[in-house]
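Peer 1: Below is one structure. I have some questions about it.
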Amino acid sequence: MMFESKVFRLWFVAALMLWFVLFYQFNQLSFLLEHWYYPAIMVAGAFVAGVTPEGGGAVAFPVLNIFLNIDRIMARDFSLMIQSIGMTSASIYILSHKANVLKTYKPLLVFIPVAFAGFVLGMQLLQQLPVYIMQALFLSLITSFAVVYSFGKHRGSQALLNLNNPMDFVLLLLMLVAGGMCASLFGTGADIILYTLLVTRFRMQEKVATHMSIMLMAAISILGYGYRHFVDQELTAYQVQTWLCAYPVVLLMAPLGAYVLHRINKEIMLYAIAVLNVAQLLYFLCYNPSLDKLIWASVFTLLLSTGFYLLIRNLSRKVVPQVLHELAGSH
């Protein structure tokens, strides 16, 4: 059962009670009814966050910014704020699950501050990019990842992260910084980048890599949310109200996704997400079409798809001989 862990039950009850208090103080039922689409979006978004390496922002950001024409900064901040609850809830569920070994996730103590440094760097350097370029980059990123990942042979075999040489450490740090910079633009993305690196370069088990990417994005969401409030001081009462509308949905749906991850045919879910992401990219290109949007989206998609494909193909070449060797040694 999803609530078999006492730690998770305590977290869930405490977080739900906190929501009741905050909603009573800062929100109204009429606002929730008028903004029903925020929790509706996150029913799917939070579930995706729990069952795949993509964060809830992979659904929230494009729906809000591209489909509903909500300001990019508002959509980015909402993604961070809502993931600070949903992905934290999924993380606590993962860490409290008896089958998971806590020392497996120790590298996150390094991953998180490095990725957050990338987030701060992105907040300082990247925020003036044209919005349509950011939209094209984000949709190309999630679409390329979902399609190549769904149809590729991407199964790693290592339960623990092993850095075999100094270049592995340098590459990991650079990718974490890049992931943090993506999060500064879209409120998500660091999880996808970390996951891809873990299952390709470091050949880690898919489930462990998914868990680590969820926990990284949970931490960056909390820290990014805090940065926007305490450093930029730009979060508004309206944003807090929209966050409170979706809070209880993601509190339940993200850990539910992590729970379902162990019990479903994940390939079907991945194909469905790939189709959804392709549809989002096509909508972006067809809505107010322009040559610039087509060029940027095409270039980003080509480069990212090629990169993901080469990484995953390289993984399959390493894993298959290793599996055959292990099978031969067992006889």
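All residue names refer to the structure tokens as shown: chains lettered A, B, ... in order, residues numbered from 1 in each chain, ligands numbered from 1 in order.
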With a distance cut-off of 6 Å and only C-alpha atoms, select the neighbouring residues of Gly180 in chain A, excluding the residue or stretch itself and same-chain residues fewer than 4 positions from it, and output the selection as a short mmCIF file (atom, residue, chain, number, x, y, z; two decimals) with all heavy atoms, in the first residue's frame.
Peer 2:
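File produced: around-v6.cif:
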```
data_model
loop_
_atom_site.label_atom_id
_atom_site.label_comp_id
_atom_site.auth_asym_id
_atom_site.auth_seq_id
_atom_site.Cartn_x
_atom_site.Cartn_y
_atom_site.Cartn_z
N ALA A 115 23.68 22.05 -8.79
CA ALA A 115 22.57 22.40 -9.67
C ALA A 115 21.94 23.72 -9.26
O ALA A 115 21.53 24.52 -10.13
CB ALA A 115 21.51 21.28 -9.65
N PHE A 116 21.87 23.99 -7.96
CA PHE A 116 21.31 25.27 -7.52
C PHE A 116 22.21 26.43 -7.93
O PHE A 116 21.72 27.52 -8.27
CB PHE A 116 21.08 25.27 -6.01
CG PHE A 116 20.46 26.55 -5.52
CD1 PHE A 116 19.21 26.95 -5.97
CD2 PHE A 116 21.11 27.35 -4.60
CE1 PHE A 116 18.63 28.13 -5.52
CE2 PHE A 116 20.55 28.54 -4.15
CZ PHE A 116 19.31 28.93 -4.61
N GLY A 118 23.83 26.49 -10.66
CA GLY A 118 23.43 26.69 -12.05
C GLY A 118 22.13 27.46 -12.16
O GLY A 118 21.97 28.31 -13.06
N PHE A 119 21.20 27.20 -11.25
CA PHE A 119 19.92 27.94 -11.23
C PHE A 119 20.17 29.43 -11.01
O PHE A 119 19.63 30.27 -11.74
CB PHE A 119 19.03 27.38 -10.13
CG PHE A 119 17.71 28.11 -9.97
CD1 PHE A 119 16.60 27.71 -10.69
CD2 PHE A 119 17.60 29.19 -9.11
CE1 PHE A 119 15.39 28.38 -10.55
CE2 PHE A 119 16.40 29.87 -8.97
CZ PHE A 119 15.29 29.46 -9.69
N ALA A 190 16.28 20.06 -14.95
CA ALA A 190 17.46 19.50 -14.28
C ALA A 190 17.30 18.00 -14.09
O ALA A 190 18.28 17.25 -14.17
CB ALA A 190 17.67 20.18 -12.92
#
```
Peer 1: Within 12 Å of Tyr227 in chain A, counting only C-alpha atoms, which residues show up once you throw out same-chain ones fewer than 2 positions away? Write them as a list in words, please.
Peer 2: Asp77, Leu80, Met81, Phe116, Ala117, Phe119, Val120, Leu121, Met123, Gln124, Ser184, Ile220, Ser221, Ile222, Leu223, Gly224, Tyr225, His229, Phe230, Val231, Asp232, Gln233, Glu234 and Leu235 of chain A
Peer 1: Got a sec: who's within 8 Å of Tyr247 in chain A, counting only C-alpha atoms, leaving out chain neighbours fewer than 6 positions off, as number ranges by chain?
Peer 2: A: 19, 39, 82, 85-86
Peer 1: Emit the selected residues as a compact mmCIF listing (two decimals), in the first residue's frame, including all heavy atoms.
Peer 2:
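Wrote it out as result.txt, contents follow:
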```
# COMPACT_ATOMS: atom_id res chain seq x y z
N TRP A 19 -1.81 22.80 4.46
CA TRP A 19 -2.58 23.36 3.34
C TRP A 19 -3.90 23.95 3.82
O TRP A 19 -4.28 25.04 3.39
CB TRP A 19 -2.86 22.28 2.29
CG TRP A 19 -3.76 22.78 1.20
CD1 TRP A 19 -3.44 23.62 0.17
CD2 TRP A 19 -5.17 22.52 1.07
NE1 TRP A 19 -4.54 23.88 -0.60
CE2 TRP A 19 -5.61 23.22 -0.07
CE3 TRP A 19 -6.07 21.74 1.80
CZ2 TRP A 19 -6.94 23.17 -0.51
CZ3 TRP A 19 -7.40 21.69 1.36
CH2 TRP A 19 -7.82 22.40 0.23
N PRO A 39 -5.36 23.08 -10.63
CA PRO A 39 -5.33 21.71 -10.10
C PRO A 39 -5.60 20.67 -11.18
O PRO A 39 -5.04 19.56 -11.11
CB PRO A 39 -6.43 21.71 -9.03
CG PRO A 39 -7.29 22.89 -9.32
CD PRO A 39 -6.40 23.90 -9.94
N ILE A 82 4.89 24.40 -7.29
CA ILE A 82 4.07 23.20 -7.16
C ILE A 82 4.94 21.96 -7.03
O ILE A 82 4.59 21.01 -6.33
CB ILE A 82 3.09 23.10 -8.36
CG1 ILE A 82 1.81 22.41 -7.91
CG2 ILE A 82 3.71 22.43 -9.56
CD1 ILE A 82 1.04 23.15 -6.84
N ILE A 85 6.11 20.93 -3.53
CA ILE A 85 5.23 20.05 -2.76
C ILE A 85 5.17 18.66 -3.37
O ILE A 85 5.42 17.65 -2.71
CB ILE A 85 3.81 20.64 -2.67
CG1 ILE A 85 3.83 21.96 -1.87
CG2 ILE A 85 2.86 19.65 -2.00
CD1 ILE A 85 4.26 21.81 -0.43
N GLY A 86 4.83 18.59 -4.66
CA GLY A 86 4.62 17.31 -5.30
C GLY A 86 5.85 16.42 -5.34
O GLY A 86 5.80 15.24 -4.95
```
Peer 1: Have a look at A:Ile112, A:Cys245, A:Tyr132, A:Leu216 and name the one nearest to Pro289 in chain A; count only C-alpha atoms.
Peer 2: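 Result for the nearest residue to Pro289 in chain A: A:Tyr132.
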Peer 1: Mind pulling up the distance from CA of Gly45 in chain A to CA of Val59 in chain A?
Peer 2: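 Taking CA of Val59 in chain A and CA of Gly45 in chain A, their separation equals 5.0 Å.
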Peer 1: Write out as a PyMOL selection string the set of residues from range 90-121 of chain A that DSSP, computed on the backbone, places in helix (DSSP H, G or I).
Peer 2: chain A and resi 90-96+102-105+108-121
Peer 1: Smallest atom-to-atom distance to His211 in chain A: which of A:Pro255, A:Gly189, A:Pro248, A:Pro166, using only C-alpha atoms?
Peer 2: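 With only C-alpha atoms as the atom set, the closest residue is A:Pro255.
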Peer 1: Taking 5 positions as the minimum chain separation for residues in the same chain, which residues sit within 9 Å of Phe26 in chain A when counting only C-alpha atoms? Answer as a list in words.
Peer 2: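 My reading of the contact set: Val21, Ala237, Val240, Gln241 and Leu244 of chain A.
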Peer 1: Could you take the residues named above and write them with N, CA, C and O atoms, as a PDB file, in the first residue's frame?
Peer 2:
```
ATOM      1  N   VAL A  21      -4.610  25.269   6.666  1.00  0.00           N
ATOM      2  CA  VAL A  21      -4.335  26.532   7.361  1.00  0.00           C
ATOM      3  C   VAL A  21      -4.014  27.641   6.365  1.00  0.00           C
ATOM      4  O   VAL A  21      -4.557  28.755   6.442  1.00  0.00           O
ATOM      5  N   ALA A 237       0.812  37.630  -4.392  1.00  0.00           N
ATOM      6  CA  ALA A 237      -0.286  36.960  -3.688  1.00  0.00           C
ATOM      7  C   ALA A 237      -1.069  36.073  -4.653  1.00  0.00           C
ATOM      8  O   ALA A 237      -1.531  34.985  -4.277  1.00  0.00           O
ATOM      9  N   VAL A 240       0.704  32.763  -5.005  1.00  0.00           N
ATOM     10  CA  VAL A 240       0.489  31.932  -3.818  1.00  0.00           C
ATOM     11  C   VAL A 240      -0.891  31.292  -3.868  1.00  0.00           C
ATOM     12  O   VAL A 240      -1.066  30.109  -3.531  1.00  0.00           O
ATOM     13  N   GLN A 241      -1.885  32.046  -4.329  1.00  0.00           N
ATOM     14  CA  GLN A 241      -3.238  31.502  -4.420  1.00  0.00           C
ATOM     15  C   GLN A 241      -3.316  30.368  -5.449  1.00  0.00           C
ATOM     16  O   GLN A 241      -3.974  29.355  -5.209  1.00  0.00           O
ATOM     17  N   LEU A 244      -1.787  27.297  -3.971  1.00  0.00           N
ATOM     18  CA  LEU A 244      -2.662  26.647  -2.994  1.00  0.00           C
ATOM     19  C   LEU A 244      -3.810  25.899  -3.669  1.00  0.00           C
ATOM     20  O   LEU A 244      -4.330  24.929  -3.114  1.00  0.00           O
TER      21      LEU A 244
END
```
Peer 1: Skipping near chain neighbours, those fewer than 5 positions away, what residues fall within 10 Å of Leu171 in chain A using only C-alpha atoms, listed as a PyMOL selection string?
Peer 2: chain A and resi 166+176-177+197+201
Peer 1: Which one of A:Leu185, A:Leu22, A:Leu304, A:Leu10 sits closest to Gly122 in chain A if you count only C-alpha atoms?
Peer 2: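 The closest residue to Gly122 in chain A is A:Leu185.
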Peer 1: Which residues are close to Ser298 in chain A, i.e. within 12 Å by only C-alpha atoms, leaving aside same-chain residues fewer than 3 positions away? Reply as a PDB file with N, CA and C atoms, in the first residue's frame.
Peer 2:
```
ATOM      1  N   ILE A 133      12.142  31.569 -28.203  1.00  0.00           N
ATOM      2  CA  ILE A 133      13.326  30.704 -28.221  1.00  0.00           C
ATOM      3  C   ILE A 133      13.317  29.792 -26.995  1.00  0.00           C
ATOM      4  N   ALA A 136      10.698  27.133 -27.619  1.00  0.00           N
ATOM      5  CA  ALA A 136      11.186  26.141 -28.589  1.00  0.00           C
ATOM      6  C   ALA A 136      12.207  25.213 -27.948  1.00  0.00           C
ATOM      7  N   LEU A 137      13.092  25.764 -27.120  1.00  0.00           N
ATOM      8  CA  LEU A 137      14.103  24.952 -26.454  1.00  0.00           C
ATOM      9  C   LEU A 137      13.452  23.957 -25.495  1.00  0.00           C
ATOM     10  N   LEU A 139      10.257  22.762 -25.344  1.00  0.00           N
ATOM     11  CA  LEU A 139       9.461  21.728 -26.001  1.00  0.00           C
ATOM     12  C   LEU A 139      10.338  20.750 -26.772  1.00  0.00           C
ATOM     13  N   SER A 140      11.401  21.249 -27.381  1.00  0.00           N
ATOM     14  CA  SER A 140      12.338  20.361 -28.079  1.00  0.00           C
ATOM     15  C   SER A 140      13.039  19.437 -27.091  1.00  0.00           C
ATOM     16  N   LEU A 141      13.375  19.967 -25.921  1.00  0.00           N
ATOM     17  CA  LEU A 141      14.050  19.165 -24.896  1.00  0.00           C
ATOM     18  C   LEU A 141      13.169  18.011 -24.431  1.00  0.00           C
ATOM     19  N   THR A 143      10.384  16.821 -25.759  1.00  0.00           N
ATOM     20  CA  THR A 143       9.927  15.955 -26.846  1.00  0.00           C
ATOM     21  C   THR A 143      11.030  15.011 -27.293  1.00  0.00           C
ATOM     22  N   SER A 144      12.230  15.553 -27.498  1.00  0.00           N
ATOM     23  CA  SER A 144      13.362  14.722 -27.919  1.00  0.00           C
ATOM     24  C   SER A 144      13.650  13.650 -26.883  1.00  0.00           C
ATOM     25  N   LEU A 281       4.558  20.135 -29.116  1.00  0.00           N
ATOM     26  CA  LEU A 281       5.499  20.800 -30.021  1.00  0.00           C
ATOM     27  C   LEU A 281       4.797  21.221 -31.308  1.00  0.00           C
ATOM     28  N   LEU A 282       3.941  20.357 -31.851  1.00  0.00           N
ATOM     29  CA  LEU A 282       3.213  20.691 -33.077  1.00  0.00           C
ATOM     30  C   LEU A 282       2.254  21.859 -32.850  1.00  0.00           C
ATOM     31  N   LEU A 285       4.150  25.087 -32.910  1.00  0.00           N
ATOM     32  CA  LEU A 285       4.549  25.502 -34.256  1.00  0.00           C
ATOM     33  C   LEU A 285       3.361  26.006 -35.068  1.00  0.00           C
ATOM     34  N   LEU A 291       8.494  31.664 -39.220  1.00  0.00           N
ATOM     35  CA  LEU A 291       9.697  30.991 -39.692  1.00  0.00           C
ATOM     36  C   LEU A 291      10.718  30.866 -38.572  1.00  0.00           C
ATOM     37  N   ASP A 292      10.829  31.896 -37.722  1.00  0.00           N
ATOM     38  CA  ASP A 292      11.796  31.857 -36.614  1.00  0.00           C
ATOM     39  C   ASP A 292      11.480  30.708 -35.655  1.00  0.00           C
ATOM     40  N   LYS A 293      10.202  30.547 -35.306  1.00  0.00           N
ATOM     41  CA  LYS A 293       9.816  29.453 -34.411  1.00  0.00           C
ATOM     42  C   LYS A 293      10.155  28.099 -35.025  1.00  0.00           C
ATOM     43  N   LEU A 294       9.865  27.950 -36.315  1.00  0.00           N
ATOM     44  CA  LEU A 294      10.135  26.684 -37.002  1.00  0.00           C
ATOM     45  C   LEU A 294      11.631  26.379 -37.039  1.00  0.00           C
ATOM     46  N   ILE A 295      12.437  27.398 -37.327  1.00  0.00           N
ATOM     47  CA  ILE A 295      13.890  27.198 -37.420  1.00  0.00           C
ATOM     48  C   ILE A 295      14.470  26.819 -36.066  1.00  0.00           C
ATOM     49  N   THR A 301      15.477  20.508 -31.795  1.00  0.00           N
ATOM     50  CA  THR A 301      15.006  19.121 -31.819  1.00  0.00           C
ATOM     51  C   THR A 301      16.036  18.205 -32.476  1.00  0.00           C
ATOM     52  N   LEU A 302      16.614  18.658 -33.566  1.00  0.00           N
ATOM     53  CA  LEU A 302      17.623  17.855 -34.264  1.00  0.00           C
ATOM     54  C   LEU A 302      18.838  17.610 -33.379  1.00  0.00           C
ATOM     55  N   LEU A 303      19.339  18.675 -32.765  1.00  0.00           N
ATOM     56  CA  LEU A 303      20.535  18.548 -31.926  1.00  0.00           C
ATOM     57  C   LEU A 303      20.271  17.697 -30.689  1.00  0.00           C
ATOM     58  N   LEU A 304      19.161  17.954 -30.014  1.00  0.00           N
ATOM     59  CA  LEU A 304      18.860  17.228 -28.783  1.00  0.00           C
ATOM     60  C   LEU A 304      18.515  15.767 -29.061  1.00  0.00           C
ATOM     61  N   SER A 305      17.752  15.516 -30.121  1.00  0.00           N
ATOM     62  CA  SER A 305      17.413  14.134 -30.468  1.00  0.00           C
ATOM     63  C   SER A 305      18.668  13.343 -30.813  1.00  0.00           C
ATOM     64  N   THR A 306      19.563  13.969 -31.570  1.00  0.00           N
ATOM     65  CA  THR A 306      20.818  13.306 -31.922  1.00  0.00           C
ATOM     66  C   THR A 306      21.639  13.010 -30.681  1.00  0.00           C
TER      67      THR A 306
END
```
Peer 1: Pick the closest to Tyr37 in chain A from A:Leu174, A:Gln128, A:Val63, A:Tyr309: which is it, counting only C-alpha atoms?
Peer 2: A:Val63
Peer 1: Extract, using only C-alpha atoms, all DNA, RNA and protein residues at most 7 Å from Ala209 in chain A, discarding same-chain residues fewer than 4 positions from it, and format them as a list of chain:residue names.
Peer 2: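 The filter keeps A:Tyr195, A:Leu198, A:Val199, A:Met204, A:Gln205, A:Ser213.
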